[in-house]
Amino acid sequence: MTHENLRNRVAVITGGGGVLCSGFAKDLAKLGIKVAVLDLRQEAAQLVADEITADGGVAIAVGCNVLEPESLEAARSEINSKLGKCDILINGAGGNNPKGTTTKDIFEEGDLDNKVEGVKTFFDLDASGIQFVFNLNILGTLLTTQCFAKDMIGRENVSILNISSMNAFCPLTRIPAYSAAKAGVSNFTQWLAVHFAEAGIRVNAIAPGFFATNQNHALLFNEDGSLTARSEKIISHTPMRRFGTPEDLSGALAFFCDETYSGFITGVILPIDGGFNAYSGV
């Protein structure tokens, strides 16, 4: 697939300094798309942009806080002047917070009365941590879309791709805030798709499952390279019996961005999870 029609379009990617979203930026740049790599950490975005330009692509790095409208508008102004108007928006900024995470999979009798140091139960979840997760994943997506969708109104072949999660379909143990927030991203994706359908803006989402990256290597593997107990559960419930790699997202990314392939597709949340969501465990 050459996707020649995408050449010289402008893509804006939030969270672009992260593992998966930096891969998105590089993938799109290889298709001839001009890429604006947005990240709260300017230096992380710059590393990605530098790698793209060194490889012959066109990219700029922009420091940006997706929770601050003023920061987003400043980023938009810079992108408009250096690259042009946004054709493709990828809302990749997101994440979890330890304050919105429990230590154990299930609540056990005695957990409430017999406090154990280092063990966080449902009743210990911190409202500020949960608020942070919802703000980053949902509000960050909403505010960013408010900003850059202005560039898309009245133009053809424009689209938005949100980053949901397999957790949105079925919540994982221990991470109630993140699972609920990503479910909100999926729901918001469908709402946006309907809202902007007549304006010509397609809005879809991908929902990655479990991906093995350098960032989460210590969570998935023991020091000797064997799977952790939680990873054993993941693999046993993944029909394809492996973790995903960033390259597994490349095809879906190009598919959703290119109206030649997905011009009549909007409001879709695509799981990319090796069959995890389809498997009942039996």
# chains A, B, ... in the order shown; residues from 1 in each chain; ligands from 1

$ closest_atom_pairs --of "region 104-206 of chain A" --to "region 15-28 of chain A" --cutoff "12 Å" --atoms "only C-alpha atoms" --output "Markdown table"
| residue | atom | partner | partner_atom | distance |
| --- | --- | --- | --- | --- |
| A:Leu136 | CA | A:Gly15 | CA | 10.6 |
| A:Asn137 | CA | A:Gly15 | CA | 10.8 |
| A:Gly140 | CA | A:Gly15 | CA | 10.4 |
| A:Thr141 | CA | A:Gly15 | CA | 10.9 |
| A:Thr144 | CA | A:Gly15 | CA | 11.4 |
| A:Leu161 | CA | A:Phe24 | CA | 11.0 |
| A:Asn162 | CA | A:Cys21 | CA | 11.2 |
| A:Ile163 | CA | A:Cys21 | CA | 9.4 |
| A:Ile206 | CA | A:Leu20 | CA | 11.9 |

$ write_last_selection --atoms "N, CA, C and O atoms" --output "PDB file, in the first residue's frame"
ATOM      1  N   LEU A 136      -6.918  13.399  31.866  1.00  0.00           N
ATOM      2  CA  LEU A 136      -5.922  13.167  30.829  1.00  0.00           C
ATOM      3  C   LEU A 136      -6.511  12.437  29.629  1.00  0.00           C
ATOM      4  O   LEU A 136      -6.287  12.828  28.479  1.00  0.00           O
ATOM      5  N   ASN A 137      -7.270  11.386  29.886  1.00  0.00           N
ATOM      6  CA  ASN A 137      -7.774  10.554  28.798  1.00  0.00           C
ATOM      7  C   ASN A 137      -9.004  11.133  28.112  1.00  0.00           C
ATOM      8  O   ASN A 137      -9.094  11.104  26.880  1.00  0.00           O
ATOM      9  N   GLY A 140      -8.615  15.546  27.919  1.00  0.00           N
ATOM     10  CA  GLY A 140      -7.525  15.828  26.986  1.00  0.00           C
ATOM     11  C   GLY A 140      -7.915  15.553  25.552  1.00  0.00           C
ATOM     12  O   GLY A 140      -7.541  16.290  24.629  1.00  0.00           O
ATOM     13  N   THR A 141      -8.685  14.506  25.337  1.00  0.00           N
ATOM     14  CA  THR A 141      -9.174  14.186  23.997  1.00  0.00           C
ATOM     15  C   THR A 141     -10.191  15.222  23.535  1.00  0.00           C
ATOM     16  O   THR A 141     -10.167  15.680  22.381  1.00  0.00           O
ATOM     17  N   THR A 144      -8.441  18.753  22.888  1.00  0.00           N
ATOM     18  CA  THR A 144      -7.591  18.701  21.692  1.00  0.00           C
ATOM     19  C   THR A 144      -8.444  18.684  20.436  1.00  0.00           C
ATOM     20  O   THR A 144      -8.127  19.347  19.437  1.00  0.00           O
ATOM     21  N   LEU A 161      -8.491  10.110  14.820  1.00  0.00           N
ATOM     22  CA  LEU A 161      -8.312   8.760  15.343  1.00  0.00           C
ATOM     23  C   LEU A 161      -7.982   8.858  16.830  1.00  0.00           C
ATOM     24  O   LEU A 161      -6.959   9.432  17.207  1.00  0.00           O
ATOM     25  N   ASN A 162      -8.875   8.338  17.656  1.00  0.00           N
ATOM     26  CA  ASN A 162      -8.646   8.318  19.098  1.00  0.00           C
ATOM     27  C   ASN A 162      -7.990   7.001  19.501  1.00  0.00           C
ATOM     28  O   ASN A 162      -8.150   5.983  18.831  1.00  0.00           O
ATOM     29  N   ILE A 163      -7.292   7.037  20.628  1.00  0.00           N
ATOM     30  CA  ILE A 163      -6.649   5.826  21.128  1.00  0.00           C
ATOM     31  C   ILE A 163      -7.391   5.362  22.373  1.00  0.00           C
ATOM     32  O   ILE A 163      -7.279   5.953  23.447  1.00  0.00           O
ATOM     33  N   ILE A 206      -8.767   3.142  17.693  1.00  0.00           N
ATOM     34  CA  ILE A 206      -8.189   1.814  17.820  1.00  0.00           C
ATOM     35  C   ILE A 206      -8.075   1.502  19.308  1.00  0.00           C
ATOM     36  O   ILE A 206      -7.907   2.400  20.132  1.00  0.00           O
TER      37      ILE A 206
END

$ select_by_dssp --residues "region 106-173 of chain A" --states "strand (DSSP E)" --output "PyMOL selection string"
chain A and resi 158-163

$ write_last_selection --atoms "N, CA, C and O atoms" --output "compact mmCIF listing (two decimals), in the first residue's frame"
# COMPACT_ATOMS: atom_id res chain seq x y z
N VAL A 158 -10.60 14.60 5.85
CA VAL A 158 -10.03 14.87 7.17
C VAL A 158 -10.58 13.83 8.14
O VAL A 158 -11.69 13.32 7.98
N SER A 159 -9.79 13.50 9.14
CA SER A 159 -10.23 12.45 10.07
C SER A 159 -9.56 12.58 11.42
O SER A 159 -8.50 13.20 11.56
N ILE A 160 -10.20 11.96 12.40
CA ILE A 160 -9.70 11.92 13.77
C ILE A 160 -9.60 10.46 14.18
O ILE A 160 -10.50 9.67 13.92
N LEU A 161 -8.49 10.11 14.82
CA LEU A 161 -8.31 8.76 15.34
C LEU A 161 -7.98 8.86 16.83
O LEU A 161 -6.96 9.43 17.21
N ASN A 162 -8.87 8.34 17.66
CA ASN A 162 -8.65 8.32 19.10
C ASN A 162 -7.99 7.00 19.50
O ASN A 162 -8.15 5.98 18.83
N ILE A 163 -7.29 7.04 20.63
CA ILE A 163 -6.65 5.83 21.13
C ILE A 163 -7.39 5.36 22.37
O ILE A 163 -7.28 5.95 23.45

$ closest_residue --among "A:Leu31, A:Ala75, A:Met166, A:Val203" --to "Thr2 (chain A)" --atoms "only C-alpha atoms"
A:Leu31

$ residues_around --residues "Asp124 (chain A)" --least-positions-apart "3" --cutoff "12 Å" --atoms "only C-alpha atoms" --output "number ranges by chain"
A: 98-104, 107, 111-112, 115-121, 127-130

$ residues_around --residues "Leu6 (chain A)" --least-positions-apart "6" --cutoff "7 Å" --atoms "only C-alpha atoms" --output "PyMOL selection string"
chain A and resi 31-33+258

$ closest_residue --among "A:Ser236, A:Asn222, A:Asn96, A:Thr53" --to "Ser165 (chain A)" --atoms "only C-alpha atoms"
A:Asn96

$ atom_distance --atom1 "CA of Leu270 (chain A)" --atom2 "CA of Gly251 (chain A)"
11.9 Å

$ residues_around --residues "Val66 (chain A)" --least-positions-apart "4" --cutoff "12 Å" --atoms "only C-alpha atoms" --output "MDAnalysis selection string"
chainID A and resid 13:16 38:41 62 70:76 91:94 135:148

$ residues_around --residues "Phe264 (chain A)" --least-positions-apart "4" --cutoff "12 Å" --atoms "only C-alpha atoms" --output "list in words"
Asn157, Ser159, Ala193, Ala197, Gly200, Ile201, Arg202, Val203, Asn204, Phe255, Phe256, Cys257, Asp258, Glu259, Thr260 and Val268 of chain A

$ residues_around --residues "region 184-192 of chain A" --least-positions-apart "2" --cutoff "7 Å" --atoms "only C-alpha atoms" --output "ChimeraX atom specification"
/A:138,162,164,168,180-182,194-196,203-205,267,269

$ write_last_selection --atoms "C-alpha atoms" --output "mmCIF file, in the first residue's frame"
data_model
loop_
_atom_site.group_PDB
_atom_site.id
_atom_site.type_symbol
_atom_site.label_atom_id
_atom_site.label_comp_id
_atom_site.auth_asym_id
_atom_site.auth_seq_id
_atom_site.Cartn_x
_atom_site.Cartn_y
_atom_site.Cartn_z
ATOM 1 C CA ILE A 138 -11.211 12.108 28.276
ATOM 2 C CA ASN A 162 -8.646 8.318 19.098
ATOM 3 C CA SER A 164 -8.898 3.717 23.295
ATOM 4 C CA ALA A 168 -12.805 -0.242 27.305
ATOM 5 C CA ALA A 180 -13.516 3.489 32.854
ATOM 6 C CA ALA A 181 -11.702 6.417 31.246
ATOM 7 C CA LYS A 182 -10.912 4.433 28.104
ATOM 8 C CA VAL A 194 -22.248 11.274 14.741
ATOM 9 C CA HIS A 195 -21.765 14.950 15.591
ATOM 10 C CA PHE A 196 -19.277 15.599 12.787
ATOM 11 C CA VAL A 203 -13.878 9.812 13.783
ATOM 12 C CA ASN A 204 -12.695 6.329 14.734
ATOM 13 C CA ALA A 205 -10.566 4.687 17.402
ATOM 14 C CA GLY A 267 -17.691 5.649 14.798
ATOM 15 C CA ILE A 269 -13.560 1.163 17.741
#

$ select_by_dssp --residues "region 19-254 of chain A" --states "helix (DSSP H, G or I)" --output "PyMOL selection string"
chain A and resi 19-30+42-54+69-82+98-100+122-124+127-151+166-168+176-195+197-199+217-220+229-236+246-254

$ write_last_selection --atoms "C-alpha atoms" --output "compact mmCIF listing (two decimals), in the first residue's frame"
# COMPACT_ATOMS: atom_id res chain seq x y z
CA VAL A 19 6.26 4.48 22.76
CA LEU A 20 3.20 3.75 20.63
CA CYS A 21 2.47 7.29 19.46
CA SER A 22 6.06 7.89 18.40
CA GLY A 23 5.60 4.82 16.23
CA PHE A 24 2.46 6.39 14.75
CA ALA A 25 4.42 9.53 13.93
CA LYS A 26 7.16 7.57 12.17
CA ASP A 27 4.65 5.42 10.27
CA LEU A 28 2.77 8.44 8.96
CA ALA A 29 5.96 10.26 8.04
CA LYS A 30 6.98 7.27 5.91
CA GLN A 42 9.26 18.95 24.56
CA GLU A 43 12.51 16.97 24.61
CA ALA A 44 10.72 13.66 24.04
CA ALA A 45 8.83 15.11 21.09
CA GLN A 46 12.05 16.56 19.68
CA LEU A 47 13.79 13.18 19.72
CA VAL A 48 10.98 11.70 17.62
CA ALA A 49 10.90 14.64 15.20
CA ASP A 50 14.68 14.51 14.80
CA GLU A 51 14.53 10.80 13.98
CA ILE A 52 11.86 11.43 11.35
CA THR A 53 13.75 14.27 9.69
CA ALA A 54 16.98 12.25 9.73
CA PRO A 69 -6.69 25.29 25.86
CA GLU A 70 -4.15 28.12 25.63
CA SER A 71 -1.32 25.64 25.15
CA LEU A 72 -3.29 23.79 22.49
CA GLU A 73 -4.10 26.98 20.60
CA ALA A 74 -0.45 28.03 20.69
CA ALA A 75 0.50 24.63 19.29
CA ARG A 76 -2.14 24.94 16.56
CA SER A 77 -0.86 28.37 15.57
CA GLU A 78 2.70 27.08 15.30
CA ILE A 79 1.64 24.04 13.27
CA ASN A 80 -0.49 26.14 10.92
CA SER A 81 2.42 28.45 10.18
CA LYS A 82 5.07 25.74 9.79
CA PRO A 98 -1.07 4.72 40.75
CA LYS A 99 -3.62 6.55 42.93
CA GLY A 100 -6.40 5.07 40.79
CA PHE A 122 -10.94 -0.16 46.51
CA PHE A 123 -11.59 1.93 49.62
CA ASP A 124 -8.10 3.44 49.41
CA ALA A 127 -10.15 10.86 44.14
CA SER A 128 -7.36 13.10 42.86
CA GLY A 129 -5.70 10.16 41.10
CA ILE A 130 -8.96 9.10 39.47
CA GLN A 131 -9.65 12.68 38.43
CA PHE A 132 -6.19 12.88 36.87
CA VAL A 133 -6.84 9.75 34.79
CA PHE A 134 -10.23 10.97 33.58
CA ASN A 135 -8.90 14.43 32.80
CA LEU A 136 -5.92 13.17 30.83
CA ASN A 137 -7.77 10.55 28.80
CA ILE A 138 -11.21 12.11 28.28
CA LEU A 139 -10.86 15.85 28.80
CA GLY A 140 -7.52 15.83 26.99
CA THR A 141 -9.17 14.19 24.00
CA LEU A 142 -12.11 16.59 24.08
CA LEU A 143 -10.05 19.78 24.38
CA THR A 144 -7.59 18.70 21.69
CA THR A 145 -10.44 17.88 19.33
CA GLN A 146 -12.09 21.23 20.01
CA CYS A 147 -8.87 22.92 19.02
CA PHE A 148 -7.82 21.04 15.89
CA ALA A 149 -11.25 20.16 14.48
CA LYS A 150 -11.52 23.88 13.67
CA ASP A 151 -8.91 23.25 10.97
CA MET A 166 -9.00 -3.19 25.14
CA ASN A 167 -9.92 -2.26 28.73
CA ALA A 168 -12.80 -0.24 27.31
CA PRO A 176 -10.75 0.82 37.49
CA ALA A 177 -10.00 4.46 36.67
CA TYR A 178 -8.07 3.72 33.48
CA SER A 179 -10.58 1.14 32.27
CA ALA A 180 -13.52 3.49 32.85
CA ALA A 181 -11.70 6.42 31.25
CA LYS A 182 -10.91 4.43 28.10
CA ALA A 183 -14.53 3.26 27.95
CA GLY A 184 -15.36 6.97 27.98
CA VAL A 185 -12.95 7.57 25.09
CA SER A 186 -14.71 4.87 23.04
CA ASN A 187 -18.12 6.33 23.83
CA PHE A 188 -16.92 9.84 23.02
CA THR A 189 -15.51 8.56 19.72
CA GLN A 190 -18.97 7.39 18.71
CA TRP A 191 -20.53 10.66 19.81
CA LEU A 192 -18.02 12.69 17.80
CA ALA A 193 -18.54 10.49 14.75
CA VAL A 194 -22.25 11.27 14.74
CA HIS A 195 -21.77 14.95 15.59
CA ALA A 197 -20.61 13.20 10.13
CA GLU A 198 -22.31 15.89 8.06
CA ALA A 199 -19.27 18.14 8.42
CA HIS A 217 9.02 -4.67 29.94
CA ALA A 218 9.51 -4.86 33.71
CA LEU A 219 5.76 -5.28 34.24
CA LEU A 220 5.45 -8.14 31.77
CA ALA A 229 2.17 -14.05 36.99
CA ARG A 230 -0.05 -11.33 35.52
CA SER A 231 1.52 -11.83 32.09
CA GLU A 232 0.80 -15.55 32.30
CA LYS A 233 -2.88 -14.67 32.69
CA ILE A 234 -2.71 -12.30 29.73
CA ILE A 235 -1.10 -14.80 27.37
CA SER A 236 -3.42 -17.61 28.46
CA PRO A 246 4.08 -1.39 17.75
CA GLU A 247 4.26 -2.63 14.15
CA ASP A 248 0.96 -4.45 14.66
CA LEU A 249 -0.79 -1.06 14.74
CA SER A 250 0.67 0.31 11.51
CA GLY A 251 -1.85 -1.19 9.11
CA ALA A 252 -4.89 -0.04 11.08
CA LEU A 253 -3.41 3.45 11.37
CA ALA A 254 -2.96 3.82 7.62

$ closest_residue --among "A:Asp126, A:Asn214, A:Val12, A:His3" --to "Tyr261 (chain A)" --atoms "only C-alpha atoms"
A:His3

$ atom_distance --atom1 "CA of Glu223 (chain A)" --atom2 "CA of Asp273 (chain A)"
24.9 Å

$ closest_residue --among "A:Ala61, A:Glu68, A:Ile265, A:Met152" --to "Arg9 (chain A)" --atoms "only C-alpha atoms"
A:Met152
